[in-house]
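Single-structure report; data block below.
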Number of protein chains: 4
Amino acid sequence: MIPWSVDFAGRFEEVVFESELLKGNPLGDPARRPLWIYLPPDYDAEPEKRYPTIYMIQGFTGQLDMWRNRMPFRKNFPELADELFAKREAPPCILVWVDCWTSLGGSQFLDSPATGRYHSYLCDEVVPWVDAHYRTLAQREHRGIAGKSSGGYGAMITPMLRPDLWGGLATHAGDALFETCYLPEFREAVRFLREKYEGSYEKFWRDFRGRPAFSRAGDEVLANEWAMAACYSADEDGTVHLPFDTATGELIPEIWERWLAWDPVRMVPKHADGLRSMRAIYIDAGRRDQFYLELGAEAFRRALLKVGVTDFFFELFDATHTAIEYRYPLSLKYLAERLSVL
Amino acid sequence: MIPWSVDFAGRFEEVVFESELLKGNPLGDPARRPLWIYLPPDYDAEPEKRYPTIYMIQGFTGQLDMWRNRMPFRKNFPELADELFAKREAPPCILVWVDCWTSLGGSQFLDSPATGRYHSYLCDEVVPWVDAHYRTLAQREHRGIAGKSSGGYGAMITPMLRPDLWGGLATHAGDALFETCYLPEFREAVRFLREKYEGSYEKFWRDFRGRPAFSRAGDEVLANEWAMAACYSADEDGTVHLPFDTATGELIPEIWERWLAWDPVRMVPKHADGLRSMRAIYIDAGRRDQFYLELGAEAFRRALLKVGVTDFFFELFDATHTAIEYRYPLSLKYLAERLSVL
Amino acid sequence: MIPWSVDFAGRFEEVVFESELLKGNPLGDPARRPLWIYLPPDYDAEPEKRYPTIYMIQGFTGQLDMWRNRMPFRKNFPELADELFAKREAPPCILVWVDCWTSLGGSQFLDSPATGRYHSYLCDEVVPWVDAHYRTLAQREHRGIAGKSSGGYGAMITPMLRPDLWGGLATHAGDALFETCYLPEFREAVRFLREKYEGSYEKFWRDFRGRPAFSRAGDEVLANEWAMAACYSADEDGTVHLPFDTATGELIPEIWERWLAWDPVRMVPKHADGLRSMRAIYIDAGRRDQFYLELGAEAFRRALLKVGVTDFFFELFDATHTAIEYRYPLSLKYLAERLSVL
Amino acid sequence: MIPWSVDFAGRFEEVVFESELLKGNPLGDPARRPLWIYLPPDYDAEPEKRYPTIYMIQGFTGQLDMWRNRMPFRKNFPELADELFAKREAPPCILVWVDCWTSLGGSQFLDSPATGRYHSYLCDEVVPWVDAHYRTLAQREHRGIAGKSSGGYGAMITPMLRPDLWGGLATHAGDALFETCYLPEFREAVRFLREKYEGSYEKFWRDFRGRPAFSRAGDEVLANEWAMAACYSADEDGTVHLPFDTATGELIPEIWERWLAWDPVRMVPKHADGLRSMRAIYIDAGRRDQFYLELGAEAFRRALLKVGVTDFFFELFDATHTAIEYRYPLSLKYLAERLSVL
């Protein structure tokens, strides 16, 4: 009933996935995770047909149910995706909506001793399970991944790490070129710490946990830097190292190097073979992105060209980082078309 | 399953309400409306018990399903409300979630020839239906209404207009003192019109309807002023009059007076008897509210005092206008306690 | 010596003017005022020649010596004006730089019982003195006035009040259409008062006077509203009335009407004859003016048209309110050309 | 005549300095420079007395005459300095106001093949000349240097480079810790270049030179990064190297290293002996500095402590980077007291 809801042409199956890999994760976050599988309109009517699969992942602080958040006068992405398939504007696909949320806000879809094994969870648990339970085309050529912001980050690095599993990727304003997207915020974090928390991250977290989240200035920056450090530069024992001195903002080169090792732009040369083998690469970002992620997009584009990847979609569009879910159907269509080719 | 969902102690009934009064409304908006009724934890176990009823209404652009939007690391208000009752921190109540959305963004919970009869819909259709179908304490003494922003506005003016129906109200940052909350934005509207739409509201709406809503600077201000005019200063034939010259921002006194007639602060003297009869009045706002609605709250407070209403809750708290749903349980508890008294 | 200074083709005479009218002014501000007279390049060489006179007045907080402030990589207006005449891009004029500063920040070039008789000072003391001491063309047809911001305000209202003295005016982003330029700031003033000064203007002024001026947020707004009230709505005994309730921002209609009586846009009909007799009217403003003074410019333009004044210069240009001294040569040339015609 | 001017107790001598070292500088900027010498109140009355000397240098885009810019309701620094000596709040000193402006905005008080030999100009031309012409105490123990922003930078590095000349320094919000003050702006520069200048710095400069300076968004950032590169990373032939890729913002490590070699924080260890020999070190910055220079101040403080410099003044105060000239008398007094000790 528009505008309160839409009738779906396809259908969602919502399951709870019992992860072995996430059990006992360092943050004590749930190992039982929601997982949604969207089956396109003709799935039930064509019991022999197999479909490409596209995995949807979320940005920082995203949790699975947020996909259904409603913005004024807009459809949410599940509705837009269904509409795309209902109108036959893209070849039918199975969509898989995976939750890699952590109580720090996110996992960057990596395995980290400070957060848990979310990369493995996604690649080694969810993917095989989906292939076992649904009529997927189970080869890499027919499997893609897409996301925005930290989800765009995940969509870039996951196929680089596992080209055996993934044949397509779409990044909307994905975290990249870390000196442009992260580093400029370090000084803000330092100031917030000094002015509000006596320079102590511990005090920040205690305060943050004891009141409505993101209700004070500084929450976003402070939570984000810590969470990224937990993903990029945690020791085996779970100790989190920040790449800057919390009293001055001075860069700590050896930690910063650990971050840079996870910068998608800098990962390209090492993973050039995998990237060259992709069937679909979609890159976009808003020209006014608050985090300047269009620079990361441009740098990723150039890094791809440098290793001989020339066939991809690229666009900088007129928008900020916020509320750009209307872009996702573009990448979905792009991936669906290329990953459908038999 | 925390954080993705919570198990409710009470339960929701979700119905579709077929309104007679909204049929053929001028905007062609649906007359069939979602309506949610929340029944508190002991409702089924105590089949003889009757409950106070508290109606929840939404701010501008709010539509019923948005109540379930998830913000990072937070519960949404339905979850918070249920938690309040589950923990017995407030006497059990029936909550009714009413949708007065329009395709202009909202109705201000008024009857207007430009939008429809939302005031009557709420008071003359929904209220009797709820009393007929649920075990409410059906007297005004046990019926309250609460909302934020335009919902706070509705919560102020609805009981003033119908003190026979309502015995309590709660306004969170409700629209009030129109020269402080609306008038300062007129100049912004004029500039946006001039710079982007050749001074024409028609061009704005055409553009706005043809792309993702609220994706361009100016959308909020332009949509809001128009929608308010549709509620406050429309002629019987539906013609909408703006209270300012769209070329200069010059105030048009006769239209502005029509707006002021709907300013809660200015309505108080005329509705003093009704207000004096309220059992519960809750007023709050953030001290850093973007729309300076804390000034309207303060002015409403003073207007109440002037007519002898002295028993109410009042607080300005440290926050903006955004993401203050964590305040709603405070007003819910306040209303529940006072409206429960037999 | 560029860029540190320029050699002037014309020359400045700097005198101290002993005003009778400002003696004993209510603020105790100096009655001895600096006054600059700029004599164009050929003034000394042509001892019989008489010149049009253009008076330059300043915006809020302006004091005469500020004309010489240097902005990076730019000439200041005295240098630009001299350059205009040196290059013969405009007919030679005498320029008179008048100081109507007060310790509240300004006088709006009005006579007010709270500040002093600055209108009379300008019109009845300075003008005759200049005509007596310099070879001016001493008729109104050859006398103009120009300014920016509050100086633009003065340039609009002074000729309206004294068309016998003035034959031309130029307003750059002059204060006008008070509901768009002043009213929206009242709410800000109220909030600053509440949050920082316990709602007391007295406390504000005490604090403001005891530390570097304009070093705290709120200084600009608070000082401005008070100063405007001192100019527009002071009683004969000097009592200053603000047009809003300092606790809520509620408009006080009877005081607000006193302000509106001084709104240039609203003064036009009453002074239509004088305006119709002007030889030169120049109006401009930046399209992104922080105070939305381009709306006042547009409204002034429309008010002029309505009374039959059709021959004037009008332009909205791409800039804010700040650092637009590069526009002044345009109006100077415009005035000079028209006021030179014999 | 307050507030338009003050009568000085001391006096200024304004000379034009004919520099040999600046002749034929790469930018074609003047080799003839204004130089001001302020002689304290008793200078003429005590013809045998010798005085400490404190050199005042300016921030980016500063040119000597700007010292006299008037801000509303404030004295400028020359007036404040004179007042300090007139009231005998500090021991009398000779003040020397040196101009190291360039047509790129500044020189960072360095010798650079892209701008000129401003470090040598200051140390090897101006200092000896002053000592030859005025009754200075001509030993390093009695010579100090002070400035704000880029002037604070100059005040930090000049004594490090020439401890034989300088015995005291004062930095107000001086450029330091380059990853916090400069690097975060690179991404802004890239975006402005892309959106307005097709990625070309040449187009920026052409546009910038052809209209009022600093009248478009981006001017400050673009001019600043280029000027800093001209100072920190120009080749012998004058070629300027930016430390970032202008298309992406990617850091260019080898150029960035050249910048870091000029970071005062990083220069400390190498110049530890000189710093330990200083008689007066004054450091401050605003806690809300737009460029986060309080972090550089803090890092400089820590770097000093690390090499055993423990006797200095340090304060972070509540202000931004703007309009903090009221702090300069504090450092002047501090330097004057310490550099006066015989």
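Scheme for the structure tokens: letters A, B, ... for chains in order shown; per-chain residue numbers from 1; ligand numbers from 1 in order shown.
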message = Select, as number ranges by chain, those residues of chain C with any atom no more than 9 Å from chain D (distances computed using only C-alpha atoms).
response = C: 1-5, 30, 32-34, 61-66, 68-74, 103, 105, 212-216, 319-320, 322-324, 326
Item to check | Residues of segment 112-290 of chain B in strand (DSSP E), written as a list of chain:residue names | outcome: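 Residues meeting the strand (DSSP E) criterion: B:Ser112, B:Gly116, B:Arg117, B:Arg143, B:Gly144, B:Ile145, B:Ala146, B:Gly147, B:Lys148, B:Gly168, B:Leu169, B:Ala170, B:Thr171, B:His172, B:Ala280, B:Ile281, B:Tyr282, B:Ile283, B:Asp284, B:Ala285, B:Gly286.
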Practice prompt. Might you pull out every residue within 6 Å of Arg50 of chain A, with only C-alpha atoms counted and same-chain residues fewer than 4 positions away left off, and present them as an MDAnalysis selection string?
Written response: chainID A and resid 135:137
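One distance worth recording is that between atom CA of Glu14 of chain C and atom CA of Leu35 of chain C, which is 5.9 Å.
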- For Tyr134 of chain A, please output as number ranges by chain all residues within 9 Å (counting only C-alpha atoms; exclusion window: fewer than 6 positions along the same chain). A: 37, 39, 50-51, 94
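Within 8 Å of segment 118-121 of chain A, once only C-alpha atoms are used and residues closer than 6 positions along the same chain are dropped, the contacting residues are Ser19, Leu21, Leu22, Cys100, Ser107, Phe109, Leu110, Asp111, Ser112 and Thr158 of chain A.
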Suppose we keep C-alpha atoms; can you now write the selection as a tab-separated table (two decimals), in the first residue's frame?
```tsv
chain	number	residue	atom	x	y	z
A	19	SER	CA	27.86	-18.92	12.24
A	21	LEU	CA	33.30	-18.61	12.60
A	22	LEU	CA	31.75	-15.78	14.54
A	100	CYS	CA	28.50	-7.95	9.16
A	107	SER	CA	33.83	-5.07	10.51
A	109	PHE	CA	34.28	-7.21	6.02
A	110	LEU	CA	37.71	-8.28	7.22
A	111	ASP	CA	39.00	-10.88	9.60
A	112	SER	CA	40.41	-9.05	12.58
A	158	THR	CA	36.46	-8.96	-0.90
```
One decimal place gives the atom CA of Arg191 of chain A-atom CA of Asp263 of chain D separation as 20.4 Å
May I have all residues of segment 129-331 of chain D that DSSP, computed from the backbone, assigns to alpha helix (DSSP H), given as JSON, numbers by chain?
-> {"D": [129, 130, 131, 132, 133, 150, 151, 152, 153, 154, 155, 156, 157, 158, 159, 160, 161, 178, 179, 180, 181, 183, 184, 185, 186, 187, 188, 189, 190, 191, 192, 193, 194, 195, 196, 197, 201, 202, 203, 204, 205, 206, 207, 208, 209, 219, 220, 221, 222, 223, 224, 225, 226, 227, 228, 229, 230, 231, 232, 253, 254, 255, 256, 257, 258, 259, 260, 264, 265, 266, 267, 272, 273, 274, 275, 276, 293, 294, 295, 296, 297, 298, 299, 300, 301, 302, 303, 304, 305, 306, 328, 329, 330, 331]}
Atom-to-atom span, atom CA of Ile252 of chain C and atom CA of Phe186 of chain C, Å
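Atom CA of Ile252 of chain C sits 11.5 Å away from atom CA of Phe186 of chain C.
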Name the residues in contact with Asn25 of chain D at a cut-off of 8 Å, using only C-alpha atoms, excluding same-chain residues fewer than 6 positions from it; report them as a list in words.
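Contacts, in chain order: Ala31, Thr115, Gly116 and Arg117 of chain D.
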For those residues, write N, CA, C and O atoms to a file as a PDB file, in the first residue's frame.
```
ATOM      1  N   ALA D  31      62.163  44.305  -4.453  1.00  0.00           N
ATOM      2  CA  ALA D  31      63.320  44.173  -3.575  1.00  0.00           C
ATOM      3  C   ALA D  31      63.369  45.345  -2.603  1.00  0.00           C
ATOM      4  O   ALA D  31      64.073  45.297  -1.604  1.00  0.00           O
ATOM      5  N   THR D 115      60.692  31.412  -4.654  1.00  0.00           N
ATOM      6  CA  THR D 115      60.130  32.671  -4.157  1.00  0.00           C
ATOM      7  C   THR D 115      61.191  33.737  -3.916  1.00  0.00           C
ATOM      8  O   THR D 115      60.993  34.907  -4.235  1.00  0.00           O
ATOM      9  N   GLY D 116      62.296  33.331  -3.294  1.00  0.00           N
ATOM     10  CA  GLY D 116      63.328  34.314  -2.977  1.00  0.00           C
ATOM     11  C   GLY D 116      63.992  33.990  -1.653  1.00  0.00           C
ATOM     12  O   GLY D 116      63.624  33.032  -0.986  1.00  0.00           O
ATOM     13  N   ARG D 117      64.936  34.828  -1.282  1.00  0.00           N
ATOM     14  CA  ARG D 117      65.764  34.514  -0.117  1.00  0.00           C
ATOM     15  C   ARG D 117      65.289  35.310   1.096  1.00  0.00           C
ATOM     16  O   ARG D 117      65.993  36.157   1.627  1.00  0.00           O
TER      17      ARG D 117
END
```
Mind checking which residues fall within 10 Å of Ala155 of chain C, counting only C-alpha atoms, ignoring those fewer than 3 positions away in the same chain, and posting them as a list of chain:residue names?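 Close residues of Ala155 of chain C: C:Tyr55, C:Met56, C:Ile57, C:Gln58, C:Gln108, C:Phe109, C:Gly144, C:Ile145, C:Ala146, C:Gly147, C:Lys148, C:Ser149, C:Ser150, C:Gly151, C:Gly152, C:Thr158, C:Pro159, C:Met160, C:Trp166, C:Gly168, C:Leu169, C:Ala170, C:Thr171, C:His172, C:Gly174, C:Pro264, C:Ile281, C:Tyr282.
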Any chance you can output those residues with N, CA and C atoms as a short mmCIF file (atom, residue, chain, number, x, y, z; two decimals), in the first residue's frame?
```
data_model
loop_
_atom_site.label_atom_id
_atom_site.label_comp_id
_atom_site.auth_asym_id
_atom_site.auth_seq_id
_atom_site.Cartn_x
_atom_site.Cartn_y
_atom_site.Cartn_z
N TYR C 55 29.26 61.64 -1.18
CA TYR C 55 29.54 61.33 0.22
C TYR C 55 29.58 59.83 0.42
N MET C 56 30.60 59.37 1.12
CA MET C 56 30.77 57.94 1.37
C MET C 56 30.47 57.66 2.84
N ILE C 57 29.57 56.73 3.08
CA ILE C 57 29.27 56.37 4.47
C ILE C 57 29.48 54.87 4.66
N GLN C 58 29.62 54.46 5.91
CA GLN C 58 30.07 53.09 6.20
C GLN C 58 28.98 52.22 6.82
N GLN C 108 22.87 54.33 11.97
CA GLN C 108 21.95 54.22 10.82
C GLN C 108 21.72 55.59 10.16
N PHE C 109 22.57 56.55 10.47
CA PHE C 109 22.48 57.87 9.82
C PHE C 109 21.15 58.54 10.09
N GLY C 144 25.67 63.44 -4.26
CA GLY C 144 25.21 62.06 -4.09
C GLY C 144 25.76 61.43 -2.83
N ILE C 145 25.22 60.27 -2.51
CA ILE C 145 25.65 59.57 -1.30
C ILE C 145 25.68 58.07 -1.59
N ALA C 146 26.67 57.40 -1.04
CA ALA C 146 26.85 55.98 -1.34
C ALA C 146 27.34 55.24 -0.12
N GLY C 147 26.95 53.98 -0.02
CA GLY C 147 27.43 53.17 1.09
C GLY C 147 27.02 51.73 0.93
N LYS C 148 27.54 50.91 1.83
CA LYS C 148 27.25 49.48 1.81
C LYS C 148 26.65 49.05 3.13
N SER C 149 25.75 48.12 3.07
CA SER C 149 25.19 47.55 4.28
C SER C 149 24.43 48.64 5.04
N SER C 150 24.75 48.92 6.28
CA SER C 150 24.08 50.03 6.94
C SER C 150 24.39 51.34 6.22
N GLY C 151 25.54 51.39 5.56
CA GLY C 151 25.84 52.56 4.75
C GLY C 151 24.93 52.64 3.53
N GLY C 152 24.57 51.50 2.98
CA GLY C 152 23.59 51.47 1.90
C GLY C 152 22.23 51.91 2.40
N THR C 158 18.63 58.75 3.49
CA THR C 158 19.02 60.16 3.62
C THR C 158 18.45 61.01 2.48
N PRO C 159 18.59 60.57 1.22
CA PRO C 159 17.97 61.36 0.15
C PRO C 159 16.44 61.36 0.19
N MET C 160 15.86 60.28 0.71
CA MET C 160 14.39 60.31 0.84
C MET C 160 13.98 61.39 1.83
N TRP C 166 19.96 66.08 -1.83
CA TRP C 166 20.61 64.96 -2.52
C TRP C 166 19.96 64.68 -3.86
N GLY C 168 21.42 62.03 -5.87
CA GLY C 168 21.83 60.70 -6.30
C GLY C 168 22.15 59.81 -5.11
N LEU C 169 21.99 58.53 -5.30
CA LEU C 169 22.28 57.59 -4.20
C LEU C 169 22.76 56.27 -4.76
N ALA C 170 23.57 55.60 -3.99
CA ALA C 170 24.02 54.25 -4.35
C ALA C 170 24.01 53.38 -3.12
N THR C 171 23.30 52.28 -3.22
CA THR C 171 23.24 51.34 -2.09
C THR C 171 23.79 49.99 -2.51
N HIS C 172 24.82 49.56 -1.82
CA HIS C 172 25.36 48.21 -1.99
C HIS C 172 24.85 47.37 -0.82
N GLY C 174 22.24 47.31 0.91
CA GLY C 174 21.74 48.14 2.00
C GLY C 174 20.65 47.44 2.80
N PRO C 264 13.43 51.17 4.33
CA PRO C 264 13.48 51.91 3.07
C PRO C 264 12.40 51.49 2.08
N ILE C 281 20.24 56.59 -9.32
CA ILE C 281 19.98 55.60 -8.27
C ILE C 281 20.68 54.32 -8.68
N TYR C 282 21.53 53.85 -7.82
CA TYR C 282 22.31 52.63 -8.08
C TYR C 282 22.00 51.64 -6.97
#
```
